[in-house]
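File shown here: input.cif, holding mmCIF, C-alpha atoms (C1' of nucleotides).
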data_entry
loop_
_atom_site.label_atom_id
_atom_site.label_comp_id
_atom_site.auth_asym_id
_atom_site.auth_seq_id
_atom_site.Cartn_x
_atom_site.Cartn_y
_atom_site.Cartn_z
CA MET A 1 111.78 114.71 46.04
CA THR A 2 114.25 117.42 45.24
CA SER A 3 113.19 118.71 41.90
CA ILE A 4 115.27 121.71 40.95
CA ASP A 5 113.79 124.04 38.41
CA ASN A 6 115.55 126.67 36.41
CA ARG A 7 114.30 129.59 38.44
CA GLN A 8 115.70 128.15 41.61
CA ILE A 9 119.05 127.50 40.00
CA ARG A 10 119.25 131.00 38.64
CA GLU A 11 118.19 132.55 41.90
CA ALA A 12 120.76 130.51 43.79
CA ALA A 13 123.47 131.42 41.32
CA SER A 14 122.69 135.09 41.60
CA ILE A 15 122.91 134.88 45.37
CA ALA A 16 126.29 133.21 45.04
CA ARG A 17 127.43 135.85 42.62
CA ALA A 18 126.53 138.65 44.99
CA ILE A 19 128.56 136.96 47.70
CA SER A 20 131.47 136.12 45.47
CA HIS A 21 133.55 139.22 46.03
CA PRO A 22 136.03 139.52 48.88
CA VAL A 23 134.78 142.92 49.96
CA ARG A 24 131.16 141.85 49.91
CA LEU A 25 131.92 138.66 51.78
CA GLN A 26 133.74 140.68 54.39
CA ILE A 27 130.81 143.05 54.62
CA LEU A 28 128.41 140.19 55.23
CA ASN A 29 130.76 138.85 57.84
CA GLU A 30 130.82 142.20 59.60
CA LEU A 31 127.04 142.39 59.60
CA ARG A 32 126.75 139.40 61.90
CA GLY A 33 124.55 140.01 64.87
CA GLU A 34 123.04 143.43 64.90
CA GLY A 35 124.39 144.69 61.60
CA ALA A 36 126.68 147.64 61.05
CA TYR A 37 126.72 151.22 59.92
CA VAL A 38 128.27 152.17 56.62
CA MET A 39 130.93 154.24 58.28
CA HIS A 40 131.85 151.27 60.39
CA LEU A 41 132.28 149.09 57.33
CA THR A 42 134.31 151.79 55.68
CA ALA A 43 136.56 152.05 58.71
CA VAL A 44 136.93 148.34 59.31
CA LEU A 45 137.48 147.32 55.71
CA GLY A 46 139.74 150.25 54.97
CA ARG A 47 138.20 151.01 51.61
CA PRO A 48 136.84 154.21 50.08
CA GLN A 49 133.30 155.03 51.12
CA ALA A 50 132.05 155.05 47.54
CA ASN A 51 133.36 151.59 46.99
CA ILE A 52 131.71 150.23 50.11
CA SER A 53 128.51 151.87 49.02
CA GLN A 54 128.75 150.29 45.61
CA HIS A 55 129.18 146.86 47.10
CA LEU A 56 126.33 147.48 49.49
CA MET A 57 124.19 148.31 46.51
CA VAL A 58 125.01 144.97 44.94
CA LEU A 59 124.11 143.20 48.17
CA ARG A 60 120.92 145.20 48.45
CA GLU A 61 119.86 144.45 44.90
CA ALA A 62 120.54 140.78 45.51
CA GLY A 63 118.30 141.02 48.56
CA LEU A 64 120.99 139.85 50.95
CA VAL A 65 120.94 142.92 53.14
CA THR A 66 118.49 145.60 54.17
CA ALA A 67 119.19 149.22 54.95
CA ILE A 68 117.62 151.19 57.76
CA ARG A 69 118.12 154.91 58.00
CA ASP A 70 118.90 156.16 61.45
CA GLY A 71 119.31 159.89 61.22
CA MET A 72 122.39 160.64 59.21
CA THR A 73 123.68 157.11 59.32
CA VAL A 74 122.39 153.94 57.74
CA LEU A 75 122.34 150.60 59.48
CA TYR A 76 122.74 147.58 57.27
CA GLN A 77 121.56 144.18 58.35
CA ILE A 78 121.53 140.72 56.91
CA SER A 79 118.09 140.16 55.53
CA ASP A 80 117.81 136.48 56.33
CA PRO A 81 119.78 134.35 58.79
CA GLN A 82 120.18 131.74 56.08
CA VAL A 83 122.52 134.10 54.32
CA LEU A 84 124.95 133.56 57.15
CA ASN A 85 124.68 129.82 56.74
CA ILE A 86 126.05 130.24 53.27
CA VAL A 87 128.77 132.58 54.44
CA ASP A 88 129.72 130.23 57.23
CA ASP A 89 129.91 127.25 54.93
CA LEU A 90 132.06 129.17 52.51
CA LEU A 91 134.40 130.26 55.25
CA ALA A 92 134.54 126.77 56.70
CA LEU A 93 135.50 125.18 53.43
CA ALA A 94 138.00 127.94 52.75
CA GLN A 95 139.56 127.41 56.16
CA LYS A 96 139.76 123.69 55.66
CA ARG A 97 141.55 124.16 52.38
CA ILE A 98 143.98 126.68 53.65
CA GLU A 99 144.89 124.34 56.45
CA SER A 100 145.37 121.31 54.25
CA ARG A 101 147.39 123.38 51.82
CA GLY A 102 149.49 124.69 54.65
CA LEU A 103 150.35 121.15 55.71
CA ALA A 104 151.19 120.17 52.17
CA ALA A 105 153.28 123.18 51.25
CA GLY A 106 154.84 124.04 54.57
CA GLU A 107 153.20 127.42 54.35
CA MET A 108 152.49 127.83 58.02
CA GLU A 109 150.91 130.90 59.44
CA SER A 110 153.68 133.00 60.85
CA LYS A 111 153.30 136.07 58.79
CA GLN A 112 152.45 139.46 60.08
CA GLY A 113 149.33 140.92 58.58
CA GLY A 114 150.33 141.24 54.96
CA ARG A 115 148.01 144.14 54.34
CA ARG A 116 146.47 146.59 56.69
CA ARG A 117 143.99 144.70 58.75
CA ARG A 118 141.70 146.75 60.88
CA ARG A 119 141.48 150.45 60.46
CA GLY A 120 140.86 150.78 64.16
CA LYS A 121 138.70 153.60 65.37
CA CYS A 122 135.32 154.26 63.90
CA ARG A 123 132.81 156.81 65.12
CA CYS A 124 129.63 155.00 64.15
CA PRO A 125 126.87 154.94 66.77
CA ARG A 126 127.59 151.41 67.81
CA CYS A 127 131.32 151.76 68.13
CA SER A 128 131.01 154.96 70.14
CA GLN A 129 128.70 153.19 72.52
CA GLU A 130 130.92 150.17 72.88
CA ASP A 131 133.88 152.40 73.37
CA ARG A 132 132.24 154.05 76.35
CA SER A 133 130.83 150.93 77.95
CA GLY A 134 133.99 148.94 77.44
CA ARG A 135 132.39 146.22 75.36
CA HIS A 136 134.48 144.66 72.65
CA GLY A 137 134.02 142.01 70.01
CA ARG A 138 130.82 141.04 68.33
CA GLY A 139 128.00 138.70 68.95
CA MET B 1 138.34 132.70 68.40
CA THR B 2 137.01 133.02 64.89
CA SER B 3 139.44 135.47 63.45
CA ILE B 4 138.96 135.82 59.74
CA ASP B 5 142.07 136.67 57.80
CA ASN B 6 142.32 137.95 54.29
CA ARG B 7 143.36 134.66 52.81
CA GLN B 8 140.31 132.93 54.12
CA ILE B 9 138.03 135.65 52.81
CA ARG B 10 139.61 135.53 49.41
CA GLU B 11 139.50 131.78 49.27
CA ALA B 12 135.85 131.75 50.28
CA ALA B 13 135.01 134.41 47.73
CA SER B 14 136.71 132.48 44.99
CA ILE B 15 134.74 129.38 45.90
CA ALA B 16 131.54 131.39 45.72
CA ARG B 17 132.64 132.84 42.44
CA ALA B 18 133.12 129.41 40.93
CA ILE B 19 129.67 128.36 42.05
CA SER B 20 127.99 131.56 40.95
CA HIS B 21 126.99 130.54 37.47
CA PRO B 22 123.74 128.74 36.70
CA VAL B 23 125.39 126.10 34.57
CA ARG B 24 128.07 125.41 37.15
CA LEU B 25 125.55 125.27 39.95
CA GLN B 26 123.51 122.82 37.97
CA ILE B 27 126.60 120.76 37.29
CA LEU B 28 127.40 120.56 40.98
CA ASN B 29 123.84 119.59 41.65
CA GLU B 30 124.06 116.77 39.11
CA LEU B 31 127.27 115.49 40.66
CA ARG B 32 125.52 114.55 43.89
CA GLY B 33 126.17 111.04 45.01
CA GLU B 34 128.54 109.21 42.74
CA GLY B 35 129.31 111.99 40.31
CA ALA B 36 128.62 112.07 36.61
CA TYR B 37 130.24 111.68 33.23
CA VAL B 38 130.75 114.66 30.99
CA MET B 39 128.45 113.29 28.37
CA HIS B 40 125.79 112.88 30.98
CA LEU B 41 126.11 116.51 32.01
CA THR B 42 126.04 117.57 28.39
CA ALA B 43 122.89 115.57 27.81
CA VAL B 44 121.11 116.61 30.97
CA LEU B 45 121.93 120.29 30.81
CA GLY B 46 121.35 120.52 27.10
CA ARG B 47 124.38 122.65 26.40
CA PRO B 48 127.24 122.29 23.92
CA GLN B 49 129.97 119.94 25.04
CA ALA B 50 132.63 122.64 24.82
CA ASN B 51 130.68 124.88 27.10
CA ILE B 52 130.19 122.16 29.70
CA SER B 53 133.88 121.43 29.51
CA GLN B 54 134.72 125.07 30.01
CA HIS B 55 132.59 125.25 33.11
CA LEU B 56 134.08 122.02 34.39
CA MET B 57 137.48 123.59 33.99
CA VAL B 58 136.43 126.50 36.17
CA LEU B 59 135.15 124.11 38.81
CA ARG B 60 138.32 122.06 38.59
CA GLU B 61 140.56 125.08 38.95
CA ALA B 62 138.54 126.19 41.93
CA GLY B 63 139.09 122.74 43.39
CA LEU B 64 135.41 121.99 43.72
CA VAL B 65 135.44 118.89 41.56
CA THR B 66 137.87 116.19 40.59
CA ALA B 67 138.11 114.33 37.30
CA ILE B 68 138.81 110.63 36.93
CA ARG B 69 139.48 109.15 33.54
CA ASP B 70 137.74 105.90 32.84
CA GLY B 71 138.67 104.81 29.37
CA MET B 72 137.22 107.25 26.93
CA THR B 73 134.97 108.90 29.42
CA VAL B 74 135.71 111.11 32.39
CA LEU B 75 133.91 110.89 35.67
CA TYR B 76 133.57 114.10 37.62
CA GLN B 77 132.97 114.11 41.33
CA ILE B 78 132.53 116.69 44.02
CA SER B 79 135.84 116.99 45.76
CA ASP B 80 134.51 117.64 49.24
CA PRO B 81 131.09 116.99 50.74
CA GLN B 82 131.16 120.49 52.20
CA VAL B 83 130.75 121.82 48.71
CA LEU B 84 127.28 120.37 48.70
CA ASN B 85 126.49 122.10 51.96
CA ILE B 86 127.07 125.38 50.21
CA VAL B 87 125.02 124.34 47.22
CA ASP B 88 122.21 123.14 49.43
CA ASP B 89 122.15 126.35 51.41
CA LEU B 90 122.07 128.39 48.23
CA LEU B 91 119.23 126.34 46.83
CA ALA B 92 117.33 126.49 50.11
CA LEU B 93 117.52 130.25 50.32
CA ALA B 94 116.62 130.56 46.67
CA GLN B 95 113.61 128.33 47.15
CA LYS B 96 112.48 130.28 50.18
CA ARG B 97 112.65 133.51 48.24
CA ILE B 98 110.85 132.21 45.23
CA GLU B 99 108.08 130.99 47.46
CA SER B 100 107.70 134.22 49.36
CA ARG B 101 107.83 136.17 46.13
CA GLY B 102 105.20 133.92 44.64
CA LEU B 103 102.86 134.65 47.54
CA ALA B 104 103.51 138.36 47.31
CA ALA B 105 103.25 138.77 43.56
CA GLY B 106 100.68 136.13 42.70
CA GLU B 107 103.25 134.50 40.53
CA MET B 108 102.20 130.98 41.24
CA GLU B 109 103.77 128.05 39.47
CA SER B 110 101.60 127.59 36.45
CA LYS B 111 104.26 127.50 33.80
CA GLN B 112 105.28 124.67 31.68
CA GLY B 113 109.03 124.23 31.52
CA GLY B 114 110.08 127.57 30.10
CA ARG B 115 113.19 126.19 28.53
CA ARG B 116 114.14 122.70 27.64
CA ARG B 117 114.44 120.80 30.84
CA ARG B 118 115.94 117.36 30.61
CA ARG B 119 117.44 116.10 27.47
CA GLY B 120 116.41 112.63 28.43
CA LYS B 121 118.55 109.87 26.97
CA CYS B 122 122.23 109.81 27.59
CA ARG B 123 124.66 107.03 26.71
CA CYS B 124 127.14 107.49 29.52
CA PRO B 125 128.26 104.34 31.35
CA ARG B 126 126.03 104.97 34.30
CA CYS B 127 122.90 105.77 32.38
CA SER B 128 123.31 102.79 30.09
CA GLN B 129 123.70 100.47 33.03
CA GLU B 130 120.75 101.87 34.92
CA ASP B 131 118.75 101.74 31.76
CA ARG B 132 119.08 98.03 31.30
CA SER B 133 119.39 96.72 34.85
CA GLY B 134 118.19 99.21 37.34
CA ARG B 135 120.70 100.00 40.03
CA HIS B 136 124.38 99.27 40.23
CA GLY B 137 127.73 100.95 40.54
CA ARG B 138 130.52 101.28 38.09
CA GLY B 139 132.78 98.48 37.13
"C1'" DA C 1 147.21 103.00 9.66
"C1'" DT C 2 141.94 105.29 9.53
"C1'" DA C 3 137.79 106.43 11.58
"C1'" DC C 4 135.23 107.39 15.43
"C1'" DT C 5 134.11 108.87 20.26
"C1'" DA C 6 134.69 111.70 24.41
"C1'" DC C 7 136.63 115.42 26.26
"C1'" DA C 8 139.85 119.63 26.54
"C1'" DT C 9 141.74 123.81 24.95
"C1'" DT C 10 142.40 128.04 22.33
"C1'" DC C 11 140.79 132.12 20.05
"C1'" DA C 12 137.99 136.13 19.36
"C1'" DC C 13 134.56 139.01 20.67
"C1'" DA C 14 130.53 140.59 23.35
"C1'" DA C 15 128.86 141.38 27.83
"C1'" DT C 16 129.52 142.17 32.46
"C1'" DT C 17 132.03 143.64 36.58
"C1'" DT C 18 135.17 146.56 39.11
"C1'" DG C 19 136.81 150.73 41.32
"C1'" DG C 20 138.34 155.60 41.39
"C1'" DA C 21 136.82 160.31 40.86
"C1'" DA C 22 133.42 163.38 41.00
"C1'" DT C 23 129.09 164.58 42.34
"C1'" DA C 24 124.46 164.22 44.14
"C1'" DA C 25 121.26 163.37 47.79
"C1'" DG C 26 119.59 163.33 52.43
"C1'" DG C 27 120.14 164.73 57.14
"C1'" DT C 28 121.94 167.62 61.27
"C1'" DC C 29 123.15 171.69 63.60
"C1'" DA C 30 124.81 176.54 64.38
"C1'" DT D 1 120.18 179.91 55.52
"C1'" DG D 2 124.84 177.61 54.96
"C1'" DA D 3 128.50 174.66 56.61
"C1'" DC D 4 129.09 170.00 57.46
"C1'" DC D 5 128.46 164.99 57.76
"C1'" DT D 6 127.08 160.43 55.94
"C1'" DT D 7 125.69 157.82 52.25
"C1'" DA D 8 124.25 157.07 47.25
"C1'" DT D 9 124.87 157.48 42.48
"C1'" DT D 10 126.88 158.43 37.96
"C1'" DC D 11 130.62 158.25 34.64
"C1'" DC D 12 134.11 155.80 32.59
"C1'" DA D 13 138.33 153.02 31.66
"C1'" DA D 14 140.32 148.71 32.81
"C1'" DA D 15 139.85 144.04 33.90
"C1'" DT D 16 137.31 139.91 33.95
"C1'" DT D 17 133.98 136.60 32.33
"C1'" DG D 18 130.94 133.92 29.08
"C1'" DT D 19 130.25 131.70 24.78
"C1'" DG D 20 130.49 129.80 20.07
"C1'" DA D 21 133.56 128.07 16.71
"C1'" DA D 22 137.35 125.74 15.64
"C1'" DT D 23 140.88 122.81 16.89
"C1'" DG D 24 143.60 119.63 19.81
"C1'" DT D 25 144.20 115.45 22.56
"C1'" DA D 26 143.38 110.92 24.24
"C1'" DG D 27 141.33 106.46 23.92
"C1'" DT D 28 138.85 102.70 21.23
"C1'" DA D 29 137.84 99.85 17.46
"C1'" DT D 30 138.42 98.08 12.82
#

Let me see the file written as structure tokens.
Amino acid sequence: MTSIDNRQIREAASIARAISHPVRLQILNELRGEGAYVMHLTAVLGRPQANISQHLMVLREAGLVTAIRDGMTVLYQISDPQVLNIVDDLLALAQKRIESRGLAAGEMESKQGGRRRRRGKCRCPRCSQEDRSGRHGRG
Amino acid sequence: MTSIDNRQIREAASIARAISHPVRLQILNELRGEGAYVMHLTAVLGRPQANISQHLMVLREAGLVTAIRDGMTVLYQISDPQVLNIVDDLLALAQKRIESRGLAAGEMESKQGGRRRRRGKCRCPRCSQEDRSGRHGRG
DNA sequence: ATACTACATTCACAATTTGGAATAAGGTCA
DNA sequence: TGACCTTATTCCAAATTGTGAATGTAGTAT
């Protein structure tokens, strides 16, 4: 039996709320796999460091991510794989909608990246390593 | 290739945003299966009708639910089964956390319903029918 | 028509969230 | 030590959200 009490509802809602910001969702998406350093997130998302840090704080307080100091840098990781289930479901539904809307409104994807997309080079420990060993992509 | 563009991120975030309120999450949870009438939601959640209606509007505008008039009453349904995947994942993670917190903090479930739980009787078409027969769809 | 029921919308205000700027805090290295 | 790097936090104004109260709209019944 699936009895839902108030605590569970509130907890679930607060998880959703932490995820419900484009920057935070993007952060979670970037943390797939082995996680990412703050400077990497700052570089990839193209946002001020303070802002990234603020969003990371929200994610931390919601318990969605954990921070591990590594010298001067900090590695953030997703705290529980189930978090990614939620993210994946959200992205899947979003994708489905965008597609069906595209068919309905003739709004096909042929645009060039409206805004700046990837801020390219980042000097975080991981990126430096990948850069040298020629490994690209995530996973 | 799972390239995530900005539109998809924003769409996903806005879905999460719509879900991220306890009342709305509870509404979605009540809509499982065949949906529910507004008066049923009002009765079950124990909140003012206007407030339920306001939250339903948010869910409608986010495209998570659809409304079908049926005489004087309005039946709300989940617009896409994938919405429930998200809800289920949120509830699962919430449950997992509450459990692990309970073990860690000795906060076992020994409370009586902190707030009012179910407002019991509701006169919506479905409840009335179930009340006097037992199990049947709408007519 | 009136009265009643179910639901939706608007308004006003409090509470919360957001993000930039500045600054603090923690760590490394010459 | 001080210069420098990475990340965290505080302050604050603007924007957004949540809610009750009142009101509007649509359908039913008499």

Self-check item: Residue list for chain D near chain A as a PyMOL selection string, 12 Å, all atoms listed in the file
Solution: chain D and resi 4-10

Find the residues in chain C near chain B: any atom within 8 Å counts, using only C-alpha atoms (C1' of nucleotides). Write them as a CSV table (one decimal) with C-alpha atoms (C1' of nucleotides), in the coordinates of the input.
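part-v7.csv, written as the output of this step:
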chain,number,residue,atom,x,y,z
C,5,DT,C1',134.1,108.9,20.3
C,6,DA,C1',134.7,111.7,24.4
C,7,DC,C1',136.6,115.4,26.3
C,8,DA,C1',139.8,119.6,26.5

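When the PyMOL selection byres ((chain A) within 7 of (chain B)) is evaluated against the file, it yields Gln8, Ile9, Arg10, Glu11, Ala12, Ala13, Ser14, Ala16, Arg17, Ile19, Ser20, His21, Pro22, Leu25, Gln26, Gln82, Asn85, Ile86, Asp89, Leu90, Leu91, Leu93, Ala94 and Gln95 of chain A.
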
Quiz item: Could you work out how far CA of Arg126 in chain A lies from CA of His55 in chain A, giving the answer in Å with one decimal?
Solution: 21.3 Å

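What the PyMOL selection byres ((chain D and resi 12) around 10) matches in the given file is DG20 and DA21 of chain C; DT10, DC11, DA13 and DA14 of chain D.
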
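Picture a line from CA of Ile68 in chain A to C1' of DA30 in chain C; it runs 27.2 Å.
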
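Pairwise distance (CA of Gln77 in chain B, CA of Glu99 in chain A) equals 21.8 Å.
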
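Distance annotation: of A:Ala43, A:Leu31, A:Ala62, A:Ala104, the residue with the minimal separation from Leu75 in chain A is A:Leu31; atom set is only C-alpha atoms.
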
Quiz prompt | Explicit residues for the PyMOL selection byres ((chain D and resi 16-18) around 8) (as a VMD selection string) | solution = (chain C and resid 15 to 17) or (chain D and resid 15 19)

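Nearest to Arg32 in chain A of all the residues A:Leu103, A:Val65, A:Cys122, A:Cys127 is A:Val65, counting only C-alpha atoms.
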
Name the residues in contact with DG24 in chain D at a cut-off of 10 Å, using all atoms listed in the file, excluding same-chain residues fewer than 2 positions from it; report them as a PDB file with C-alpha atoms (C1' of nucleotides), keeping the file's coordinate frame.
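Contents of part_27.pdb, freshly written:
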ATOM      1  C1'  DA C   8     139.850 119.630  26.540  1.00  0.00           C
ATOM      2  C1'  DT C   9     141.740 123.810  24.950  1.00  0.00           C
ATOM      3  C1'  DT C  10     142.400 128.040  22.330  1.00  0.00           C
TER       4       DT C  10
ATOM      5  C1'  DA D  22     137.350 125.740  15.640  1.00  0.00           C
ATOM      6  C1'  DA D  26     143.380 110.920  24.240  1.00  0.00           C
TER       7       DA D  26
END

Self-check item: Spatial neighbours of DA3 in chain C, 12 Å, all atoms listed in the file, chain gap at least 2 places, as an MDAnalysis selection string
Solution: (chainID C and resid 1 5) or (chainID D and resid 28:30)
